[in-house]
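For reference, the structure is listed below as structure tokens.
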Amino acid sequence: MRAATSRPIYRSRWWMPAFSFSIGLVMLAAFWIGGSPGDGLAALGVMTAVAALFLFGRRSETLQGIGGPDATSGGR
């Protein structure tokens, strides 16, 4: 028998949205430490929009290609 193997997280459709949002949080922290929390919130907003684009733009072949391997399967 063959043991069931789980897929790595980077092969999930959630990888790019989560990564984009995480980078936004890092940017917010960096701007906040630098004394400019307003710019950090703007950067977080932009990266949240990028994450939403990756999450909801699955019909675009361009976004599927950027999203990584097996991003077209819908997380199955």
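Please note that chains go A, B, ... in the order of the structure tokens, that every chain numbers its residues from 1, and that ligands are numbered from 1 in the order shown.
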
(request) Give me the residues within 7 Å of Phe21 of chain A as a ChimeraX atom specification, counting only C-alpha atoms and dropping any in the same chain fewer than 4 places off. (result) /A:17,25,47-48,51

(message) Residues within 10 Å of Ala42 of chain A, please, as a VMD selection string. Count only C-alpha atoms; anything in the same chain fewer than 6 positions from it doesn't count.
(response) chain A and resid 24 27 to 28 31 48

(request) One decimal, Å: what's the distance from atom CA of Gly38 of chain A over to atom CA of Leu53 of chain A, could you say? (result)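 Going from atom CA of Gly38 of chain A over to atom CA of Leu53 of chain A covers 22.8 Å.
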
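Taking atom CA of Ala29 of chain A and atom CA of Gly45 of chain A as the two end points, the separation is 13.2 Å.
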
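Here atom CA of Val26 of chain A stands at a distance of 9.6 Å from atom CA of Ala43 of chain A.
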
(message) Report as a list of chain:residue names all protein, DNA and RNA residues lying within 12 Å of Val50 of chain A, evaluated on only C-alpha atoms, omitting residues in the same chain fewer than 6 positions from it.
(response)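 Everything that qualifies: A:Met16, A:Pro17, A:Ala18, A:Phe19, A:Ser20, A:Phe21, A:Ser22, A:Ile23, A:Gly24, A:Ala43, A:Leu44, A:Phe56, A:Gly57, A:Leu63, A:Ile66, A:Gly67.
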